[in-house]
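Q: Here you go, one structure.
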Amino acid sequence: MEQKPTVIYRADANAAESLLSIRKKLCDLCETYAGRLVRVQTMDGAVYDGIIRHHEGCILYLELDSPGYRAFWNPFIGFNPYYNTILPLVLYELLVISLLA
């Protein structure tokens, strides 16, 4: 006989409804401003400049605009291996999206 799973977390119904509403609004914004240069700030304080390339479900795909987004700096490398990097961001962790151009 299978044992019924024990629920360890259940989202509050009001919170879930609010998150769905926010996700819908952000998806609509991402669709409207796809291909535009934006600045995105996350709830953790990270700031990224880039172009909205795509959104799917609750993920925004941001093409980083500047070659300054590197994990390391090596003066012996003549190119930026992270140029045109696509950064996936979770929509409900975004705090601000601003148009830059």
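Within each chain, counting starts at residue 1; across the structure tokens, chains are named A, B, ... in the order shown, with ligands numbered 1 upward in that order.
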What's around Cys58 (chain A) at 10 Å? Count only C-alpha atoms, leave out sequence neighbours fewer than 2 positions away in its own chain, and write the answer as an mmCIF file with N, CA and C atoms, in the first residue's frame.
A:
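After the write, part_1.cif holds the following:
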```cif
data_model
loop_
_atom_site.group_PDB
_atom_site.id
_atom_site.type_symbol
_atom_site.label_atom_id
_atom_site.label_comp_id
_atom_site.auth_asym_id
_atom_site.auth_seq_id
_atom_site.Cartn_x
_atom_site.Cartn_y
_atom_site.Cartn_z
ATOM 1 N N LEU A 20 0.617 34.903 -9.766
ATOM 2 C CA LEU A 20 0.137 34.650 -11.124
ATOM 3 C C LEU A 20 -0.173 35.954 -11.852
ATOM 4 N N ARG A 23 3.163 37.600 -12.728
ATOM 5 C CA ARG A 23 3.789 36.885 -13.841
ATOM 6 C C ARG A 23 3.134 37.260 -15.170
ATOM 7 N N LYS A 24 1.810 37.331 -15.195
ATOM 8 C CA LYS A 24 1.090 37.713 -16.418
ATOM 9 C C LYS A 24 1.495 39.118 -16.857
ATOM 10 N N LEU A 26 4.274 40.782 -16.157
ATOM 11 C CA LEU A 26 5.662 40.785 -16.614
ATOM 12 C C LEU A 26 5.813 40.101 -17.979
ATOM 13 N N CYS A 27 5.077 39.036 -18.209
ATOM 14 C CA CYS A 27 5.124 38.374 -19.518
ATOM 15 C C CYS A 27 4.631 39.317 -20.608
ATOM 16 N N HIS A 55 10.958 35.365 -23.568
ATOM 17 C CA HIS A 55 10.439 34.971 -22.258
ATOM 18 C C HIS A 55 9.618 33.716 -22.461
ATOM 19 N N GLU A 56 9.696 32.857 -21.493
ATOM 20 C CA GLU A 56 8.961 31.599 -21.554
ATOM 21 C C GLU A 56 8.583 31.206 -20.138
ATOM 22 N N LEU A 60 12.800 35.147 -18.040
ATOM 23 C CA LEU A 60 13.154 36.204 -18.982
ATOM 24 C C LEU A 60 14.571 35.922 -19.462
ATOM 25 N N PRO A 88 19.387 33.900 -18.170
ATOM 26 C CA PRO A 88 17.991 33.620 -17.795
ATOM 27 C C PRO A 88 17.704 34.191 -16.399
ATOM 28 N N LEU A 89 16.616 34.929 -16.272
ATOM 29 C CA LEU A 89 16.215 35.519 -14.996
ATOM 30 C C LEU A 89 14.787 35.096 -14.672
ATOM 31 N N VAL A 90 14.535 34.779 -13.423
ATOM 32 C CA VAL A 90 13.198 34.382 -12.991
ATOM 33 C C VAL A 90 12.358 35.645 -12.830
ATOM 34 N N LEU A 91 11.215 35.696 -13.512
ATOM 35 C CA LEU A 91 10.399 36.908 -13.540
ATOM 36 C C LEU A 91 9.968 37.372 -12.156
ATOM 37 N N TYR A 92 9.578 36.459 -11.280
ATOM 38 C CA TYR A 92 9.055 36.907 -9.985
ATOM 39 C C TYR A 92 10.158 37.341 -9.018
ATOM 40 N N GLU A 93 11.423 37.275 -9.449
ATOM 41 C CA GLU A 93 12.518 37.814 -8.625
ATOM 42 C C GLU A 93 12.979 39.183 -9.109
#
```
Q: If you run DSSP on the backbone here, which positions in chain A get helix (DSSP H, G or I)? Please write them as a VMD selection string.
A: chain A and resid 13 to 32 91 to 93
Q: Restrict the selected residues to N, CA and C atoms and save them as a tab-separated table (two decimals), in the first residue's frame.
A:
```tsv
chain	number	residue	atom	x	y	z
A	13	ALA	N	-3.19	30.83	-0.79
A	13	ALA	CA	-3.99	31.03	-2.00
A	13	ALA	C	-3.91	32.48	-2.49
A	14	ASN	N	-3.94	33.45	-1.59
A	14	ASN	CA	-3.84	34.86	-1.99
A	14	ASN	C	-2.48	35.18	-2.58
A	15	ALA	N	-1.42	34.63	-1.98
A	15	ALA	CA	-0.07	34.85	-2.50
A	15	ALA	C	0.08	34.23	-3.88
A	16	ALA	N	-0.45	33.04	-4.06
A	16	ALA	CA	-0.37	32.37	-5.36
A	16	ALA	C	-1.11	33.16	-6.43
A	17	GLU	N	-2.27	33.68	-6.09
A	17	GLU	CA	-3.04	34.49	-7.03
A	17	GLU	C	-2.28	35.77	-7.40
A	18	SER	N	-1.67	36.38	-6.41
A	18	SER	CA	-0.89	37.59	-6.65
A	18	SER	C	0.31	37.31	-7.55
A	19	LEU	N	1.02	36.20	-7.30
A	19	LEU	CA	2.17	35.83	-8.12
A	19	LEU	C	1.75	35.56	-9.57
A	20	LEU	N	0.62	34.90	-9.77
A	20	LEU	CA	0.14	34.65	-11.12
A	20	LEU	C	-0.17	35.95	-11.85
A	21	SER	N	-0.76	36.91	-11.13
A	21	SER	CA	-1.07	38.21	-11.71
A	21	SER	C	0.22	38.96	-12.10
A	22	ILE	N	1.21	38.93	-11.22
A	22	ILE	CA	2.50	39.58	-11.49
A	22	ILE	C	3.18	38.92	-12.68
A	23	ARG	N	3.16	37.60	-12.73
A	23	ARG	CA	3.79	36.88	-13.84
A	23	ARG	C	3.13	37.26	-15.17
A	24	LYS	N	1.81	37.33	-15.19
A	24	LYS	CA	1.09	37.71	-16.42
A	24	LYS	C	1.50	39.12	-16.86
A	25	LYS	N	1.54	40.06	-15.90
A	25	LYS	CA	1.92	41.43	-16.22
A	25	LYS	C	3.34	41.49	-16.78
A	26	LEU	N	4.27	40.78	-16.16
A	26	LEU	CA	5.66	40.78	-16.61
A	26	LEU	C	5.81	40.10	-17.98
A	27	CYS	N	5.08	39.04	-18.21
A	27	CYS	CA	5.12	38.37	-19.52
A	27	CYS	C	4.63	39.32	-20.61
A	28	ASP	N	3.55	40.04	-20.33
A	28	ASP	CA	3.03	41.02	-21.29
A	28	ASP	C	4.06	42.11	-21.56
A	29	LEU	N	4.73	42.61	-20.50
A	29	LEU	CA	5.76	43.63	-20.68
A	29	LEU	C	6.93	43.11	-21.50
A	30	CYS	N	7.36	41.88	-21.22
A	30	CYS	CA	8.48	41.29	-21.95
A	30	CYS	C	8.14	41.13	-23.42
A	31	GLU	N	6.90	40.77	-23.71
A	31	GLU	CA	6.47	40.63	-25.10
A	31	GLU	C	6.45	42.00	-25.79
A	32	THR	N	5.93	43.00	-25.10
A	32	THR	CA	5.84	44.35	-25.65
A	32	THR	C	7.22	44.94	-25.93
A	91	LEU	N	11.22	35.70	-13.51
A	91	LEU	CA	10.40	36.91	-13.54
A	91	LEU	C	9.97	37.37	-12.16
A	92	TYR	N	9.58	36.46	-11.28
A	92	TYR	CA	9.06	36.91	-9.99
A	92	TYR	C	10.16	37.34	-9.02
A	93	GLU	N	11.42	37.27	-9.45
A	93	GLU	CA	12.52	37.81	-8.62
A	93	GLU	C	12.98	39.18	-9.11
```
Q: Go through A:Thr6, A:Asp65, A:Ile59, A:Asn84 and flag the residue nearest Val38 (chain A), using only C-alpha atoms for the distances.
A: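 Nearest to Val38 (chain A): A:Asp65.
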Q: Would you mind listing what lies within 9 Å of Gly50 (chain A) as a ChimeraX atom specification, with only C-alpha atoms counted and same-chain residues fewer than 4 positions away left out?
A: /A:36-40,62-66,86
Q: So that I can check the secondary structure, give me every residue of chain A assigned strand (DSSP E or B) by backbone DSSP, as JSON, numbers by chain.
A: {"A": [37, 38, 39, 40, 41, 42, 47, 48, 49, 50, 51, 52, 53, 54, 55, 56, 59, 60, 61, 62, 63, 64, 86, 87, 88, 89, 90, 94, 95, 96, 97, 98, 99]}
